[in-house]
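Structure below is upload.pdb: PDB, C-alpha atoms, pLDDT in the B column.
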ATOM      1  CA  MET A  90      22.821  18.599  23.694  1.00 42.00           C
ATOM      2  CA  GLN A  91      20.013  20.128  21.652  1.00 44.00           C
ATOM      3  CA  SER A  92      21.745  19.448  18.358  1.00 42.00           C
ATOM      4  CA  ASN A  93      22.003  15.726  19.196  1.00 40.00           C
ATOM      5  CA  GLY A  94      18.237  15.522  19.624  1.00 38.00           C
ATOM      6  CA  VAL A  95      17.663  17.237  16.278  1.00 35.00           C
ATOM      7  CA  PHE A  96      20.177  14.902  14.608  1.00 33.00           C
ATOM      8  CA  ILE A  97      18.510  11.768  16.028  1.00 34.00           C
ATOM      9  CA  THR A  98      15.067  13.027  14.981  1.00 31.00           C
ATOM     10  CA  SER A  99      16.390  13.599  11.457  1.00 31.00           C
ATOM     11  CA  ILE A 100      17.789  10.070  11.292  1.00 35.00           C
ATOM     12  CA  LEU A 101      14.501   8.570  12.461  1.00 36.00           C
ATOM     13  CA  ALA A 102      12.509  10.641   9.957  1.00 39.00           C
ATOM     14  CA  SER A 103      14.841   9.555   7.147  1.00 39.00           C
ATOM     15  CA  ALA A 104      14.569   5.894   8.134  1.00 44.00           C
ATOM     16  CA  SER A 105      10.785   6.170   8.244  1.00 46.00           C
ATOM     17  CA  LEU A 106      10.649   7.631   4.731  1.00 51.00           C
ATOM     18  CA  ALA A 107      12.938   4.896   3.434  1.00 58.00           C
ATOM     19  CA  MET A 108      10.566   2.247   4.790  1.00 84.00           C
ATOM     20  CA  SER A 109       7.480   3.450   2.945  1.00 94.00           C
ATOM     21  CA  ALA A 110       5.903   2.404  -0.324  1.00 98.00           C
ATOM     22  CA  THR A 111       4.086   4.494  -2.915  1.00 98.00           C
ATOM     23  CA  ILE A 112       0.717   3.183  -4.105  1.00 97.00           C
ATOM     24  CA  THR A 113      -1.504   4.518  -6.879  1.00 98.00           C
ATOM     25  CA  GLY A 114      -5.062   3.449  -7.662  1.00 97.00           C
ATOM     26  CA  TRP A 115      -6.327   2.785 -11.213  1.00 97.00           C
ATOM     27  CA  ASP A 116      -9.856   2.267 -12.480  1.00 97.00           C
ATOM     28  CA  GLY A 117      -8.823  -0.317 -15.095  1.00 97.00           C
ATOM     29  CA  ALA A 118      -7.197  -3.734 -14.913  1.00 98.00           C
ATOM     30  CA  ASN A 119      -3.409  -3.926 -15.229  1.00 98.00           C
ATOM     31  CA  CYS A 120      -3.107  -0.336 -13.975  1.00 98.00           C
ATOM     32  CA  SER A 121      -4.803   1.159 -17.000  1.00 98.00           C
ATOM     33  CA  GLY A 122      -7.508   3.760 -17.449  1.00 97.00           C
ATOM     34  CA  THR A 123      -7.802   6.740 -15.166  1.00 97.00           C
ATOM     35  CA  GLN A 124      -5.120   7.161 -12.535  1.00 97.00           C
ATOM     36  CA  GLY A 125      -6.370   7.854  -9.036  1.00 95.00           C
ATOM     37  CA  GLN A 126      -4.565   9.435  -6.141  1.00 91.00           C
ATOM     38  CA  ARG A 127      -1.047   8.488  -5.087  1.00 95.00           C
ATOM     39  CA  PHE A 128      -0.306   7.716  -1.437  1.00 96.00           C
ATOM     40  CA  SER A 129       2.730   6.933   0.671  1.00 97.00           C
ATOM     41  CA  VAL A 130       2.198   3.944   2.974  1.00 97.00           C
ATOM     42  CA  SER A 131       4.638   3.266   5.795  1.00 97.00           C
ATOM     43  CA  SER A 132       5.908  -0.190   6.607  1.00 96.00           C
ATOM     44  CA  GLU A 133       3.738  -2.007   9.179  1.00 96.00           C
ATOM     45  CA  GLU A 134       0.734   0.115   8.127  1.00 96.00           C
ATOM     46  CA  CYS A 135      -2.702  -0.808   6.810  1.00 96.00           C
ATOM     47  CA  PHE A 136      -3.946   1.712   4.277  1.00 96.00           C
ATOM     48  CA  THR A 137      -7.629   1.714   3.438  1.00 94.00           C
ATOM     49  CA  LEU A 138      -9.509   3.726   0.862  1.00 89.00           C
ATOM     50  CA  GLY A 139     -12.150   4.459   3.506  1.00 81.00           C
ATOM     51  CA  GLY A 140     -15.158   2.912   1.834  1.00 78.00           C
ATOM     52  CA  GLY A 141     -13.838   3.527  -1.669  1.00 86.00           C
ATOM     53  CA  SER A 142     -12.153   0.957  -3.867  1.00 92.00           C
ATOM     54  CA  THR A 143     -10.044   0.655  -6.986  1.00 96.00           C
ATOM     55  CA  LYS A 144      -9.651  -2.038  -9.651  1.00 98.00           C
ATOM     56  CA  ALA A 145      -5.856  -2.042  -9.706  1.00 98.00           C
ATOM     57  CA  ILE A 146      -3.005  -0.675  -7.615  1.00 98.00           C
ATOM     58  CA  SER A 147       0.486   0.092  -8.831  1.00 98.00           C
ATOM     59  CA  TYR A 148       3.131   0.081  -6.126  1.00 98.00           C
ATOM     60  CA  SER A 149       6.801   0.958  -5.807  1.00 98.00           C
ATOM     61  CA  ASP A 150       9.513   0.897  -3.170  1.00 97.00           C
ATOM     62  CA  VAL A 151       7.828  -1.842  -1.124  1.00 98.00           C
ATOM     63  CA  PRO A 152      10.476  -2.791   1.448  1.00 96.00           C
ATOM     64  CA  GLY A 153       9.466  -6.418   2.056  1.00 96.00           C
ATOM     65  CA  GLN A 154       5.920  -7.426   1.210  1.00 97.00           C
ATOM     66  CA  ILE A 155       2.568  -5.902   0.248  1.00 98.00           C
ATOM     67  CA  GLN A 156      -0.807  -7.498   0.954  1.00 98.00           C
ATOM     68  CA  PHE A 157      -4.008  -6.707  -0.959  1.00 98.00           C
ATOM     69  CA  TYR A 158      -7.511  -6.992   0.506  1.00 96.00           C
ATOM     70  CA  LYS A 159     -10.743  -7.223  -1.508  1.00 93.00           C
ATOM     71  CA  SER A 160     -13.531  -4.720  -1.011  1.00 92.00           C
ATOM     72  CA  GLY A 161     -16.735  -5.682   0.716  1.00 82.00           C
ATOM     73  CA  GLY A 162     -17.568  -8.018   3.519  1.00 80.00           C
ATOM     74  CA  ASP A 163     -15.116  -9.038   6.180  1.00 84.00           C
ATOM     75  CA  HIS A 164     -11.905  -8.201   4.288  1.00 83.00           C
ATOM     76  CA  ASP A 165     -12.163  -4.409   4.607  1.00 80.00           C
ATOM     77  CA  ALA A 166      -9.364  -2.621   6.452  1.00 90.00           C
ATOM     78  CA  CYS A 167      -6.776  -5.421   6.163  1.00 94.00           C
ATOM     79  CA  THR A 168      -8.808  -8.034   8.029  1.00 92.00           C
ATOM     80  CA  ASN A 169      -9.430 -11.786   7.683  1.00 92.00           C
ATOM     81  CA  GLY A 170      -6.549 -12.594   5.369  1.00 94.00           C
ATOM     82  CA  ALA A 171      -5.145 -10.971   2.270  1.00 96.00           C
ATOM     83  CA  PHE A 172      -6.382 -12.098  -1.135  1.00 96.00           C
ATOM     84  CA  LEU A 173      -2.992 -11.440  -2.748  1.00 97.00           C
ATOM     85  CA  ILE A 174       0.516 -11.144  -1.281  1.00 98.00           C
ATOM     86  CA  ARG A 175       3.510  -9.915  -3.291  1.00 98.00           C
ATOM     87  CA  ILE A 176       7.177  -9.567  -2.385  1.00 95.00           C
ATOM     88  CA  GLY A 177       8.846  -6.158  -2.256  1.00 93.00           C
ATOM     89  CA  GLY A 178       9.680  -3.940  -5.175  1.00 96.00           C
ATOM     90  CA  SER A 179       7.428  -2.414  -7.797  1.00 98.00           C
ATOM     91  CA  ASP A 180       4.572  -3.832  -9.889  1.00 98.00           C
ATOM     92  CA  CYS A 181       0.823  -3.690 -10.501  1.00 98.00           C
ATOM     93  CA  ALA A 182      -1.875  -5.811  -8.848  1.00 98.00           C
ATOM     94  CA  THR A 183      -5.348  -6.190 -10.355  1.00 98.00           C
ATOM     95  CA  ALA A 184      -8.267  -7.282  -8.177  1.00 97.00           C
ATOM     96  CA  PRO A 185     -10.052 -10.517  -9.155  1.00 95.00           C
ATOM     97  CA  ASP A 186     -13.052 -10.403 -11.492  1.00 95.00           C
ATOM     98  CA  GLY A 187     -16.078  -8.917  -9.759  1.00 94.00           C
ATOM     99  CA  PHE A 188     -14.034  -7.272  -6.995  1.00 94.00           C
ATOM    100  CA  ASN A 189     -11.927  -4.192  -6.287  1.00 96.00           C
ATOM    101  CA  TRP A 190      -9.132  -3.532  -3.788  1.00 96.00           C
ATOM    102  CA  GLU A 191     -10.118  -1.579  -0.694  1.00 95.00           C
ATOM    103  CA  SER A 192      -7.010  -1.829   1.480  1.00 96.00           C
ATOM    104  CA  VAL A 193      -3.337  -2.758   1.422  1.00 97.00           C
ATOM    105  CA  ALA A 194      -0.796  -3.536   4.126  1.00 97.00           C
ATOM    106  CA  VAL A 195       2.919  -2.894   3.635  1.00 98.00           C
ATOM    107  CA  PHE A 196       5.679  -4.745   5.496  1.00 96.00           C
TER     108      PHE A 196
END
Mind turning this structure into structure tokens?
Amino acid sequence: MQSNGVFITSILASASLAMSATITGWDGANCSGTQGQRFSVSSEECFTLGGGSTKAISYSDVPGQIQFYKSGGDHDACTNGAFLIRIGGSDCATAPDGFNWESVAVF
């Protein structure tokens, strides 16, 4: 009976890893300049830079959709509508002129 519980936990952990995206911040447009930290963001999760921001975000392994939220004001922490929505996969998203990205949501 114990081994079944371990097996099920392993399956759930594997499924969770498969449903996550990798995001990397960049200080320049089009994912250029200095590369920031790389993070794994699970599906159905809002990831915020906690008061920080970045000009561009490269992303990979997005299972369905990724939403980008501008820094400042009422869009922090994935609130009040995404500025940019992209379908799954891998790409780079640059924030609009005069803004940076502060948070992303992965679905």
Can you list, as a short mmCIF file (atom, residue, chain, number, x, y, z; two decimals) with C-alpha atoms, keeping the file's coordinate frame, every protein, DNA or RNA residue that comes within 10 Å of Gly125 of chain A when you count all atoms listed in the file, leaving out same-chain residues fewer than 6 positions away?
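Contents of the output file part29.cif:
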data_model
loop_
_atom_site.label_atom_id
_atom_site.label_comp_id
_atom_site.auth_asym_id
_atom_site.auth_seq_id
_atom_site.Cartn_x
_atom_site.Cartn_y
_atom_site.Cartn_z
CA ILE A 112 0.72 3.18 -4.11
CA THR A 113 -1.50 4.52 -6.88
CA GLY A 114 -5.06 3.45 -7.66
CA TRP A 115 -6.33 2.78 -11.21
CA ASP A 116 -9.86 2.27 -12.48
CA THR A 143 -10.04 0.66 -6.99
CA ALA A 145 -5.86 -2.04 -9.71
CA ILE A 146 -3.00 -0.68 -7.62
#
Residue list as a ChimeraX atom specification for point (2.0, 4.9, -0.3), cut-off 7 Å, all atoms listed in the file: /A:109-112,127-131
Which residues match the PyMOL selection byres ((chain A and resi 161) around 9) in the file above, as JSON, numbers by chain? {"A": [140, 159, 160, 162, 163, 164, 165, 188, 189, 191]}
Find the spatial neighbours of segment 149-152 of chain A, counting all atoms listed in the file, within a cut-off of 9 Å - ignore same-chain residues fewer than 2 positions away - and output them as a PyMOL selection string. chain A and resi 107-112+132+147+154-155+176-181+195-196
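Interatomic distance, atom CA of Gly117 of chain A against atom CA of Tyr158 of chain A: 17.0 Å.
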For atom CA of Ala184 of chain A and atom CA of Glu133 of chain A, quote the distance in Å rounded to one decimal.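 Computing it gives 21.8 Å between the two atoms.
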Nearest-residue call for Phe136 of chain A, choices A:Gly187, A:Ala166, A:Gly122, A:Gln156, using all atoms listed in the file: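 Looking at the shortest contact to Phe136 of chain A, the residue is A:Ala166.
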Please report the interatomic distance between atom CA of Gly153 of chain A and atom CA of Cys167 of chain A in Å with one decimal. 16.8 Å
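Closest approach to Ala118 of chain A among A:Asp186, A:Tyr148, A:Glu134, A:Ser192 is made by A:Asp186 (distances from all atoms listed in the file).
Among the candidates A:Phe172, A:Lys144, A:Gln124, A:Gly139, the residue lying nearest to Trp190 of chain A is A:Lys144 (atoms considered: all atoms listed in the file).
Using all atoms listed in the file, the smallest distance between any of A:Pro185, A:Phe157, A:Ser142, A:Gln126 and Leu173 of chain A comes from A:Phe157.
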